[in-house]
>>> print(open('query08.pdb').read())   # PDB, C-alpha atoms
ATOM      1  CA  MET C   1       0.000   0.000   0.000  1.00  0.00           C
ATOM      2  CA  THR C   2       1.224   3.467  -0.743  1.00  0.00           C
ATOM      3  CA  ILE C   3       0.728   6.362   1.631  1.00  0.00           C
ATOM      4  CA  ASP C   4       0.640  10.057   0.868  1.00  0.00           C
ATOM      5  CA  ASP C   5       1.905  13.105   2.731  1.00  0.00           C
ATOM      6  CA  LEU C   6      -1.262  13.407   4.864  1.00  0.00           C
ATOM      7  CA  ASP C   7      -1.015   9.750   5.912  1.00  0.00           C
ATOM      8  CA  ALA C   8       2.651  10.261   6.800  1.00  0.00           C
ATOM      9  CA  ARG C   9       1.884  13.404   8.815  1.00  0.00           C
ATOM     10  CA  LEU C  10      -0.953  11.603  10.640  1.00  0.00           C
ATOM     11  CA  ILE C  11       1.288   8.651  11.517  1.00  0.00           C
ATOM     12  CA  ALA C  12       4.060  10.985  12.700  1.00  0.00           C
ATOM     13  CA  LEU C  13       1.601  12.972  14.829  1.00  0.00           C
ATOM     14  CA  LEU C  14       0.148   9.878  16.494  1.00  0.00           C
ATOM     15  CA  THR C  15       3.615   8.440  17.024  1.00  0.00           C
ATOM     16  CA  ALA C  16       4.734  11.622  18.795  1.00  0.00           C
ATOM     17  CA  GLU C  17       1.493  12.014  20.741  1.00  0.00           C
ATOM     18  CA  PRO C  18      -0.386   8.688  20.831  1.00  0.00           C
ATOM     19  CA  ARG C  19      -3.082   9.994  23.200  1.00  0.00           C
ATOM     20  CA  LEU C  20      -4.424  12.527  20.714  1.00  0.00           C
ATOM     21  CA  GLY C  21      -8.000  12.075  19.623  1.00  0.00           C
ATOM     22  CA  VAL C  22      -9.234  12.204  16.059  1.00  0.00           C
ATOM     23  CA  LEU C  23     -10.658  15.710  16.500  1.00  0.00           C
ATOM     24  CA  GLU C  24      -7.355  17.130  17.782  1.00  0.00           C
ATOM     25  CA  CYS C  25      -5.468  15.375  14.969  1.00  0.00           C
ATOM     26  CA  SER C  26      -7.812  16.981  12.451  1.00  0.00           C
ATOM     27  CA  ARG C  27      -7.207  20.431  13.975  1.00  0.00           C
ATOM     28  CA  ARG C  28      -3.439  20.043  13.905  1.00  0.00           C
ATOM     29  CA  LEU C  29      -3.391  18.638  10.382  1.00  0.00           C
ATOM     30  CA  GLY C  30      -5.880  21.189   9.072  1.00  0.00           C
ATOM     31  CA  VAL C  31      -8.332  18.648   7.657  1.00  0.00           C
ATOM     32  CA  ALA C  32     -11.838  17.457   8.530  1.00  0.00           C
ATOM     33  CA  ARG C  33     -12.371  15.023  11.379  1.00  0.00           C
ATOM     34  CA  GLY C  34     -13.987  12.577   8.972  1.00  0.00           C
ATOM     35  CA  THR C  35     -10.911  12.675   6.757  1.00  0.00           C
ATOM     36  CA  VAL C  36      -8.644  11.781   9.677  1.00  0.00           C
ATOM     37  CA  GLN C  37     -10.972   8.980  10.791  1.00  0.00           C
ATOM     38  CA  ALA C  38     -11.230   7.563   7.264  1.00  0.00           C
ATOM     39  CA  ARG C  39      -7.450   7.728   6.772  1.00  0.00           C
ATOM     40  CA  LEU C  40      -6.811   6.088  10.132  1.00  0.00           C
ATOM     41  CA  ASP C  41      -9.360   3.333   9.460  1.00  0.00           C
ATOM     42  CA  ARG C  42      -7.765   2.662   6.059  1.00  0.00           C
ATOM     43  CA  LEU C  43      -4.243   2.573   7.510  1.00  0.00           C
ATOM     44  CA  VAL C  44      -5.380   0.081  10.150  1.00  0.00           C
ATOM     45  CA  ALA C  45      -7.386  -2.073   7.719  1.00  0.00           C
ATOM     46  CA  ARG C  46      -4.422  -2.338   5.347  1.00  0.00           C
ATOM     47  CA  GLY C  47      -1.979  -3.226   8.114  1.00  0.00           C
ATOM     48  CA  VAL C  48       0.118  -0.058   7.916  1.00  0.00           C
ATOM     49  CA  VAL C  49      -0.817   0.949  11.467  1.00  0.00           C
ATOM     50  CA  THR C  50      -0.684  -2.143  13.637  1.00  0.00           C
ATOM     51  CA  GLY C  51      -1.415  -0.778  17.097  1.00  0.00           C
ATOM     52  CA  PHE C  52      -1.994   2.123  19.407  1.00  0.00           C
ATOM     53  CA  GLY C  53      -0.654   0.668  22.630  1.00  0.00           C
ATOM     54  CA  PRO C  54       1.990   2.266  24.792  1.00  0.00           C
ATOM     55  CA  ASP C  55       5.642   1.579  24.097  1.00  0.00           C
ATOM     56  CA  VAL C  56       6.964  -0.171  27.201  1.00  0.00           C
ATOM     57  CA  SER C  57      10.611  -0.028  28.233  1.00  0.00           C
ATOM     58  CA  PRO C  58      11.870  -3.408  29.472  1.00  0.00           C
ATOM     59  CA  ALA C  59      14.650  -1.570  31.367  1.00  0.00           C
ATOM     60  CA  ALA C  60      12.035   0.426  33.293  1.00  0.00           C
ATOM     61  CA  LEU C  61      10.537  -2.914  34.361  1.00  0.00           C
ATOM     62  CA  GLY C  62      13.917  -4.092  35.656  1.00  0.00           C
ATOM     63  CA  TYR C  63      15.100  -5.945  32.535  1.00  0.00           C
ATOM     64  CA  ASP C  64      18.411  -4.125  32.058  1.00  0.00           C
ATOM     65  CA  VAL C  65      20.089  -6.712  29.815  1.00  0.00           C
ATOM     66  CA  THR C  66      19.179  -7.091  26.134  1.00  0.00           C
ATOM     67  CA  ALA C  67      20.647  -9.916  24.105  1.00  0.00           C
ATOM     68  CA  PHE C  68      20.240 -11.513  20.711  1.00  0.00           C
ATOM     69  CA  VAL C  69      20.184 -15.288  20.640  1.00  0.00           C
ATOM     70  CA  SER C  70      20.622 -17.124  17.373  1.00  0.00           C
ATOM     71  CA  MET C  71      19.764 -20.789  17.228  1.00  0.00           C
ATOM     72  CA  GLU C  72      19.962 -23.801  15.050  1.00  0.00           C
ATOM     73  CA  ILE C  73      16.875 -25.962  15.157  1.00  0.00           C
ATOM     74  CA  ARG C  74      15.875 -29.431  14.079  1.00  0.00           C
ATOM     75  CA  GLN C  75      14.211 -28.955  10.690  1.00  0.00           C
ATOM     76  CA  VAL C  76      11.828 -31.914  10.939  1.00  0.00           C
ATOM     77  CA  ALA C  77       8.678 -29.946  11.815  1.00  0.00           C
ATOM     78  CA  GLY C  78       9.785 -26.513  10.607  1.00  0.00           C
ATOM     79  CA  HIS C  79      10.145 -23.235  12.483  1.00  0.00           C
ATOM     80  CA  ASP C  80       6.598 -22.772  13.773  1.00  0.00           C
ATOM     81  CA  PRO C  81       6.565 -25.353  16.604  1.00  0.00           C
ATOM     82  CA  VAL C  82       9.841 -23.995  17.982  1.00  0.00           C
ATOM     83  CA  ALA C  83       8.666 -20.380  17.645  1.00  0.00           C
ATOM     84  CA  ASP C  84       5.409 -21.271  19.430  1.00  0.00           C
ATOM     85  CA  ARG C  85       7.370 -22.749  22.346  1.00  0.00           C
ATOM     86  CA  LEU C  86       9.729 -19.750  22.450  1.00  0.00           C
ATOM     87  CA  ALA C  87       6.714 -17.428  22.631  1.00  0.00           C
ATOM     88  CA  ARG C  88       5.868 -19.004  26.004  1.00  0.00           C
ATOM     89  CA  ILE C  89       9.071 -17.556  27.509  1.00  0.00           C
ATOM     90  CA  PRO C  90       8.156 -14.021  28.705  1.00  0.00           C
ATOM     91  CA  GLU C  91      11.685 -12.677  28.207  1.00  0.00           C
ATOM     92  CA  VAL C  92      11.651 -13.588  24.493  1.00  0.00           C
ATOM     93  CA  LEU C  93      10.490 -10.342  22.862  1.00  0.00           C
ATOM     94  CA  GLU C  94      10.860 -11.266  19.184  1.00  0.00           C
ATOM     95  CA  VAL C  95      11.629 -14.311  17.074  1.00  0.00           C
ATOM     96  CA  HIS C  96      12.710 -14.053  13.436  1.00  0.00           C
ATOM     97  CA  THR C  97      13.483 -16.769  10.912  1.00  0.00           C
ATOM     98  CA  ILE C  98      16.801 -15.909   9.311  1.00  0.00           C
ATOM     99  CA  THR C  99      19.261 -16.933   6.618  1.00  0.00           C
ATOM    100  CA  GLY C 100      22.838 -17.959   7.275  1.00  0.00           C
ATOM    101  CA  ASP C 101      24.341 -20.418   9.718  1.00  0.00           C
ATOM    102  CA  SER C 102      21.413 -20.177  12.145  1.00  0.00           C
ATOM    103  CA  ASP C 103      17.682 -20.685  11.696  1.00  0.00           C
ATOM    104  CA  LEU C 104      16.115 -18.322  14.238  1.00  0.00           C
ATOM    105  CA  LEU C 105      17.114 -15.059  15.902  1.00  0.00           C
ATOM    106  CA  CYS C 106      15.527 -13.919  19.159  1.00  0.00           C
ATOM    107  CA  ARG C 107      15.698 -10.625  20.952  1.00  0.00           C
ATOM    108  CA  VAL C 108      15.547 -11.383  24.660  1.00  0.00           C
ATOM    109  CA  VAL C 109      15.771  -9.421  27.887  1.00  0.00           C
ATOM    110  CA  ALA C 110      16.929 -10.353  31.367  1.00  0.00           C
ATOM    111  CA  ARG C 111      17.357  -8.651  34.719  1.00  0.00           C
ATOM    112  CA  THR C 112      21.097  -9.379  34.965  1.00  0.00           C
ATOM    113  CA  ASN C 113      23.750 -11.366  33.117  1.00  0.00           C
ATOM    114  CA  ALA C 114      23.133 -14.258  35.529  1.00  0.00           C
ATOM    115  CA  ASP C 115      19.420 -14.027  34.751  1.00  0.00           C
ATOM    116  CA  LEU C 116      20.281 -14.092  31.048  1.00  0.00           C
ATOM    117  CA  GLN C 117      21.825 -17.520  31.638  1.00  0.00           C
ATOM    118  CA  ARG C 118      18.463 -18.664  33.044  1.00  0.00           C
ATOM    119  CA  VAL C 119      16.659 -17.347  29.947  1.00  0.00           C
ATOM    120  CA  ILE C 120      19.156 -19.024  27.611  1.00  0.00           C
ATOM    121  CA  ASP C 121      18.737 -22.275  29.552  1.00  0.00           C
ATOM    122  CA  GLN C 122      14.981 -22.053  28.958  1.00  0.00           C
ATOM    123  CA  ILE C 123      15.599 -21.493  25.247  1.00  0.00           C
ATOM    124  CA  VAL C 124      17.985 -24.454  25.050  1.00  0.00           C
ATOM    125  CA  ASP C 125      15.353 -26.625  26.767  1.00  0.00           C
ATOM    126  CA  VAL C 126      12.834 -25.924  23.978  1.00  0.00           C
ATOM    127  CA  HIS C 127      12.214 -29.097  22.000  1.00  0.00           C
ATOM    128  CA  GLY C 128      13.807 -28.704  18.587  1.00  0.00           C
ATOM    129  CA  VAL C 129      16.585 -26.259  19.570  1.00  0.00           C
ATOM    130  CA  LEU C 130      19.964 -27.818  18.811  1.00  0.00           C
ATOM    131  CA  ARG C 131      22.433 -24.992  19.489  1.00  0.00           C
ATOM    132  CA  THR C 132      22.420 -21.326  20.513  1.00  0.00           C
ATOM    133  CA  ASN C 133      24.770 -18.391  20.285  1.00  0.00           C
ATOM    134  CA  SER C 134      24.162 -15.202  22.234  1.00  0.00           C
ATOM    135  CA  ILE C 135      25.325 -11.620  21.895  1.00  0.00           C
ATOM    136  CA  ILE C 136      24.730  -9.061  24.649  1.00  0.00           C
ATOM    137  CA  ALA C 137      23.796  -5.555  23.514  1.00  0.00           C
ATOM    138  CA  LEU C 138      25.842  -2.900  25.296  1.00  0.00           C
ATOM    139  CA  ASP C 139      23.832   0.093  24.056  1.00  0.00           C
ATOM    140  CA  THR C 140      21.116   0.982  21.550  1.00  0.00           C
ATOM    141  CA  PRO C 141      22.361   4.029  19.627  1.00  0.00           C
ATOM    142  CA  VAL C 142      19.544   3.674  17.052  1.00  0.00           C
ATOM    143  CA  PRO C 143      16.379   2.266  18.641  1.00  0.00           C
ATOM    144  CA  TYR C 144      13.655   0.536  16.636  1.00  0.00           C
ATOM    145  CA  ARG C 145      12.087   3.138  14.394  1.00  0.00           C
ATOM    146  CA  VAL C 146       9.811   3.362  11.383  1.00  0.00           C
ATOM    147  CA  LEU C 147       9.137   7.088  10.991  1.00  0.00           C
ATOM    148  CA  PRO C 148      12.026   7.563   8.523  1.00  0.00           C
ATOM    149  CA  LEU C 149      10.360   4.930   6.312  1.00  0.00           C
ATOM    150  CA  VAL C 150       6.964   6.594   6.699  1.00  0.00           C
ATOM    151  CA  ALA C 151       8.438   9.958   5.719  1.00  0.00           C
ATOM    152  CA  ASP C 152      10.260   8.432   2.733  1.00  0.00           C
ATOM    153  CA  VAL C 153       7.290   6.646   1.118  1.00  0.00           C
ATOM    154  CA  PRO C 154       5.369   9.762  -0.061  1.00  0.00           C
ATOM    155  CA  ARG C 155       8.577  11.136  -1.630  1.00  0.00           C
ATOM    156  CA  HIS C 156       9.698   7.984  -3.374  1.00  0.00           C
ATOM    157  CA  GLY C 157       6.651   5.719  -3.475  1.00  0.00           C
ATOM    158  CA  VAL C 158       6.580   2.032  -2.728  1.00  0.00           C
ATOM    159  CA  ARG C 159       9.634   0.296  -4.127  1.00  0.00           C
TER     160      ARG C 159
END
>>> encode(input="query08.pdb", output="structure tokens")
Amino acid sequence: MTIDDLDARLIALLTAEPRLGVLECSRRLGVARGTVQARLDRLVARGVVTGFGPDVSPAALGYDVTAFVSMEIRQVAGHDPVADRLARIPEVLEVHTITGDSDLLCRVVARTNADLQRVIDQIVDVHGVLRTNSIIALDTPVPYRVLPLVADVPRHGVR
């Protein structure tokens, strides 16, 4: 789906101030309330906007360690059964299927380095996981972001 400048401005506004209502968005964007509502509904229906929940900081909850765990899995049943089991571990924030020497990559959090060992032990205990490799993140100089992509689409279109 392609988005235009108004869609991009609406997404940027709601990203900066997620508590804004449709009426206030329409005032700030200089368009009718119905236009904002229709645009927002369309962006949600097409999967461009996937949520309106708060962004939660794991560190603020006491999970100060972030790590990436790559794993090789048994290929008999595919990735889904392993990913389903990994999803039951609360500290596993994301699971991606990947190319290269490993099959899956997880972003995980832990309270301490010792707690990270506990999380990795839980991952290793998942049926189908053969081997893991972990990397501890020291800092996040560029956090997860999508606004640069949103701003780029109206200028360059969908590639």
>>> residues_around(input="query08.pdb", residues="Leu40 (chain C)", least_positions_apart="5", cutoff="12 Å", atoms="all atoms listed in the file", output="ChimeraX atom specification")
/C:3,6-11,13-14,21-22,25-26,33-35,45-52
>>> residues_around(input="query08.pdb", residues="Glu72 (chain C)", least_positions_apart="2", cutoff="6 Å", atoms="all atoms listed in the file", output="VMD selection string")
chain C and resid 102 to 103 130 to 131
>>> closest_residue(input="query08.pdb", among="C:Ser134, C:Gln37, C:Ser57, C:Thr97", to="Leu116 (chain C)", atoms="all atoms listed in the file")
C:Ser134
>>> resolve_selection(input="query08.pdb", expression="the PyMOL selection byres ((chain C and resi 132) around 6)", output="list in words")
Ser70, Met71, Arg131 and Asn133 of chain C
>>> closest_residue(input="query08.pdb", among="C:Val109, C:Leu29, C:Val76, C:Val92", to="Ala60 (chain C)", atoms="only C-alpha atoms")
C:Val109
>>> closest_residue(input="query08.pdb", among="C:Leu23, C:Val126, C:Ala110, C:Leu149", to="Leu61 (chain C)", atoms="all atoms listed in the file")
C:Ala110
>>> closest_residue(input="query08.pdb", among="C:Thr2, C:Gln75, C:Thr15, C:Asn113", to="Ile135 (chain C)", atoms="all atoms listed in the file")
C:Asn113
>>> atom_distance(input="query08.pdb", atom1="CA of Leu104 (chain C)", atom2="CA of Gly62 (chain C)")
25.8 Å
>>> atom_distance(input="query08.pdb", atom1="CA of Asp84 (chain C)", atom2="CA of Asp125 (chain C)")
13.5 Å
>>> residues_around(input="query08.pdb", residues="Val95 (chain C)", least_positions_apart="5", cutoff="12 Å", atoms="all atoms listed in the file", output="JSON, numbers by chain")
{"C": [68, 69, 70, 71, 79, 80, 82, 83, 84, 85, 86, 87, 88, 89, 103, 104, 105, 106, 107, 108, 123]}
>>> closest_residue(input="query08.pdb", among="C:Asp41, C:Asp152, C:Glu91, C:Asp5", to="Asp115 (chain C)", atoms="only C-alpha atoms")
C:Glu91
>>> closest_residue(input="query08.pdb", among="C:Arg145, C:Arg118, C:Arg111, C:Arg42", to="Thr66 (chain C)", atoms="only C-alpha atoms")
C:Arg111
>>> axis_aligned_box(input="query08.pdb", around="region 32-39 of chain C", padding_each_side="6 Å", output="AutoDock Vina command-line options")
--center_x -10.7 --center_y 12.5 --center_z 9.1 --size_x 18.5 --size_y 21.9 --size_z 16.6
>>> atom_distance(input="query08.pdb", atom1="CA of Arg74 (chain C)", atom2="CA of Val129 (chain C)")
6.4 Å
